[in-house]
Amino acid sequence: RIVGDNTDGVGLCRDICHNLQHALQGKRILLLGAGGAARGVILPLLAEQPACLTIANRTASKAEQLAQQFQHYGQLGASSYEALAGQQFDVIINATSASLSDALPPLPGGCFAPGSLAYDMMYGKGLTPFLLFAQQQGSAQLADGLGMLVEQAAEAFCIWRGVRPMVAHSCVTVARLARATAPMKPKSRHSISARRVVGVSLAARSLSSDCMLSTSSLNAAATSRRRASAKASLVKR
């Protein structure tokens with residue numbers, strides 16, 4: 001039997017709800033893009049019971065197809081970017097590849113509701129073009145995809161090893177604070193990819209170290225229980 005898992009959506013929701021402490025239940029969520037990155041996070045987002053989840057894409061028909069595929073799992077809609085004019089959302093997630101080329105999705109102004117969260121799945125040194133735009137539009141909270149990277153790795157490790165790393169939140173917080181003031185000037189897809197590889201490597205090292213400690217603790221606890229059980233048996237005899 002073959003079992004497949006996509007941990008991106010779980011990682012995204014854990015980062016938003018746990019690390020950023022921004023609840024998704026009852027919120028109006030806008031998901032930009034209708035490619036694989038967007039597809040992989042739809043079900044976990046709907047599981048958080050938002051008021052509605054709208055998928056927007058340059059080619060509206062692709063957004064509509066994606067919405068139809070998941071329509072039985074929650075309140076789901078589709079839109080072109082132009083049709084978003086005049087609407088507001090509590091959470092806007094950029095799942096497009098625009099930030100890879102230092103570009104901005106054609107999102108109309110005025111879509112960010114008061115107290116809104118702007119989330120870009122891409123990450124780098126400083127704010128992406130999407131997050132800069134969100135900041136200018138008055139979004140109350142900005143976040144890139146570094147937390148999603150760490151949390152999806154933690155979820156994947158848990159699936160394979162049965163142990164969830166305990167320091168994921170701390171890793172994300174420290175990394176975001178360290179990069180908070182550094183401007184992002186991506187030169188090419190290659191430079192972005194290089195940073196992503198480094199980010200994955202650092203996240204993996206942190207998670208691996210933590211999981212080894214967690215595994216050692218579990219093994220020590222199991223050994224202690226076995227010894228206690230053996231002593232109890234001797235006492236009974």
# chains A, B, ... in the order shown; residues from 1 in each chain; ligands from 1

call {"tool": "residues_around", "arguments": {"residues": "Glu155 (chain A)", "least_positions_apart": "3", "cutoff": "10 Å", "atoms": "only C-alpha atoms", "output": "PyMOL selection string"}}
result
chain A and resi 5-8+10-11+14+150-152+158-165

call {"tool": "atom_distance", "arguments": {"atom1": "CA of Met166 (chain A)", "atom2": "CA of His22 (chain A)"}}
result
19.9 Å

call {"tool": "atom_distance", "arguments": {"atom1": "CA of Ala95 (chain A)", "atom2": "CA of His18 (chain A)"}}
result
19.9 Å

call {"tool": "residues_around", "arguments": {"residues": "Ile55 (chain A)", "least_positions_apart": "5", "cutoff": "6 Å", "atoms": "only C-alpha atoms", "output": "CSV table (one decimal) with N, CA, C and O atoms, in the first residue's frame"}}
result
chain,number,residue,atom,x,y,z
A,31,LEU,N,-7.1,33.4,-1.1
A,31,LEU,CA,-5.9,32.7,-1.5
A,31,LEU,C,-5.5,33.1,-2.9
A,31,LEU,O,-6.3,32.8,-3.9
A,63,ALA,N,-9.2,29.0,-11.2
A,63,ALA,CA,-9.6,29.2,-9.9
A,63,ALA,C,-11.0,28.5,-9.7
A,63,ALA,O,-11.3,27.9,-8.6
A,78,ALA,N,-14.5,31.4,-6.1
A,78,ALA,CA,-13.4,31.7,-7.1
A,78,ALA,C,-13.6,33.0,-7.7
A,78,ALA,O,-14.8,33.5,-7.8

call {"tool": "residues_around", "arguments": {"residues": "Gln65 (chain A)", "least_positions_apart": "4", "cutoff": "12 Å", "atoms": "only C-alpha atoms", "output": "tab-separated table (two decimals) with all heavy atoms, in the first residue's frame"}}
result
chain	number	residue	atom	x	y	z
A	34	ALA	N	-3.72	29.56	-8.24
A	34	ALA	CA	-4.49	28.32	-8.38
A	34	ALA	C	-3.60	27.17	-8.82
A	34	ALA	O	-4.06	26.22	-9.44
A	34	ALA	CB	-5.63	28.53	-9.38
A	35	GLY	N	-2.32	27.26	-8.48
A	35	GLY	CA	-1.39	26.19	-8.83
A	35	GLY	C	-1.25	25.17	-7.72
A	35	GLY	O	-2.09	25.07	-6.82
A	39	ARG	N	-3.34	24.56	-4.19
A	39	ARG	CA	-4.10	23.31	-4.06
A	39	ARG	C	-3.74	22.56	-2.78
A	39	ARG	O	-4.59	21.99	-2.11
A	39	ARG	CB	-3.82	22.42	-5.27
A	39	ARG	CG	-4.55	21.09	-5.26
A	39	ARG	CD	-4.07	20.22	-6.41
A	39	ARG	NE	-4.35	20.83	-7.69
A	39	ARG	CZ	-5.49	20.68	-8.36
A	39	ARG	NH1	-6.44	19.91	-7.86
A	39	ARG	NH2	-5.67	21.27	-9.53
A	55	ILE	N	-10.59	31.79	-3.87
A	55	ILE	CA	-9.39	31.56	-4.67
A	55	ILE	C	-9.38	32.56	-5.82
A	55	ILE	O	-10.35	32.63	-6.59
A	55	ILE	CB	-9.35	30.13	-5.22
A	55	ILE	CG1	-9.48	29.12	-4.09
A	55	ILE	CG2	-8.06	29.89	-6.01
A	55	ILE	CD1	-9.69	27.69	-4.58
A	56	ALA	N	-8.32	33.32	-5.95
A	56	ALA	CA	-8.20	34.30	-7.04
A	56	ALA	C	-7.02	33.93	-7.93
A	56	ALA	O	-5.97	33.53	-7.44
A	56	ALA	CB	-8.02	35.71	-6.49
A	57	ASN	N	-7.21	34.08	-9.24
A	57	ASN	CA	-6.15	33.73	-10.18
A	57	ASN	C	-6.27	34.60	-11.43
A	57	ASN	O	-7.35	35.10	-11.76
A	57	ASN	CB	-6.26	32.25	-10.57
A	57	ASN	CG	-5.02	31.73	-11.25
A	57	ASN	OD1	-3.93	31.80	-10.70
A	57	ASN	ND2	-5.17	31.22	-12.46
A	59	THR	N	-6.08	33.63	-14.47
A	59	THR	CA	-7.05	32.92	-15.30
A	59	THR	C	-8.15	32.42	-14.38
A	59	THR	O	-7.99	31.44	-13.66
A	59	THR	CB	-6.38	31.73	-16.02
A	59	THR	OG1	-5.24	32.19	-16.75
A	59	THR	CG2	-7.36	31.07	-16.98
A	60	ALA	N	-9.28	33.12	-14.39
A	60	ALA	CA	-10.36	32.83	-13.44
A	60	ALA	C	-10.87	31.40	-13.57
A	60	ALA	O	-11.28	30.79	-12.57
A	60	ALA	CB	-11.50	33.81	-13.66
A	61	SER	N	-10.84	30.83	-14.77
A	61	SER	CA	-11.35	29.48	-14.97
A	61	SER	C	-10.57	28.45	-14.15
A	61	SER	O	-11.14	27.45	-13.67
A	61	SER	CB	-11.32	29.10	-16.45
A	61	SER	OG	-10.00	29.15	-16.96
A	69	GLN	N	-13.55	21.53	-7.30
A	69	GLN	CA	-12.98	20.28	-6.83
A	69	GLN	C	-13.13	20.11	-5.31
A	69	GLN	O	-13.31	19.00	-4.81
A	69	GLN	CB	-11.50	20.21	-7.20
A	69	GLN	CG	-10.81	18.91	-6.79
A	69	GLN	CD	-9.36	18.87	-7.23
A	69	GLN	OE1	-8.90	19.72	-7.99
A	69	GLN	NE2	-8.64	17.88	-6.74
A	70	PHE	N	-13.09	21.23	-4.58
A	70	PHE	CA	-13.14	21.16	-3.12
A	70	PHE	C	-14.44	21.75	-2.55
A	70	PHE	O	-14.51	22.00	-1.34
A	70	PHE	CB	-11.94	21.92	-2.52
A	70	PHE	CG	-10.61	21.29	-2.82
A	70	PHE	CD1	-9.84	21.73	-3.89
A	70	PHE	CD2	-10.12	20.25	-2.04
A	70	PHE	CE1	-8.61	21.17	-4.17
A	70	PHE	CE2	-8.90	19.68	-2.31
A	70	PHE	CZ	-8.14	20.12	-3.39
A	71	GLN	N	-15.45	21.93	-3.37
A	71	GLN	CA	-16.65	22.63	-2.94
A	71	GLN	C	-17.43	21.91	-1.84
A	71	GLN	O	-18.19	22.54	-1.09
A	71	GLN	CB	-17.58	22.85	-4.14
A	71	GLN	CG	-18.09	21.57	-4.79
A	71	GLN	CD	-18.96	21.83	-6.01
A	71	GLN	OE1	-19.53	22.92	-6.13
A	71	GLN	NE2	-19.06	20.87	-6.90
A	76	LEU	N	-16.48	27.83	-0.30
A	76	LEU	CA	-15.37	28.07	-1.22
A	76	LEU	C	-15.86	28.83	-2.45
A	76	LEU	O	-16.91	28.51	-3.01
A	76	LEU	CB	-14.77	26.73	-1.64
A	76	LEU	CG	-13.38	26.69	-2.27
A	76	LEU	CD1	-12.35	27.33	-1.35
A	76	LEU	CD2	-12.99	25.26	-2.57
A	77	GLY	N	-15.11	29.85	-2.85
A	77	GLY	CA	-15.47	30.63	-4.02
A	77	GLY	C	-14.26	30.87	-4.91
A	77	GLY	O	-13.13	30.57	-4.55
A	78	ALA	N	-14.49	31.40	-6.11
A	78	ALA	CA	-13.42	31.68	-7.06
A	78	ALA	C	-13.64	33.05	-7.67
A	78	ALA	O	-14.78	33.54	-7.76
A	78	ALA	CB	-13.39	30.62	-8.15
A	79	SER	N	-12.54	33.69	-8.09
A	79	SER	CA	-12.65	35.05	-8.62
A	79	SER	C	-11.44	35.38	-9.48
A	79	SER	O	-10.37	34.79	-9.33
A	79	SER	CB	-12.74	36.05	-7.45
A	79	SER	OG	-12.72	37.38	-7.90

call {"tool": "residues_around", "arguments": {"residues": "Leu20 (chain A)", "least_positions_apart": "5", "cutoff": "12 Å", "atoms": "only C-alpha atoms", "output": "ChimeraX atom specification"}}
result
/A:12-15,117-119,140-148,169-170,172-173,176

call {"tool": "atom_distance", "arguments": {"atom1": "CA of Pro106 (chain A)", "atom2": "CA of Tyr81 (chain A)"}}
result
6.4 Å
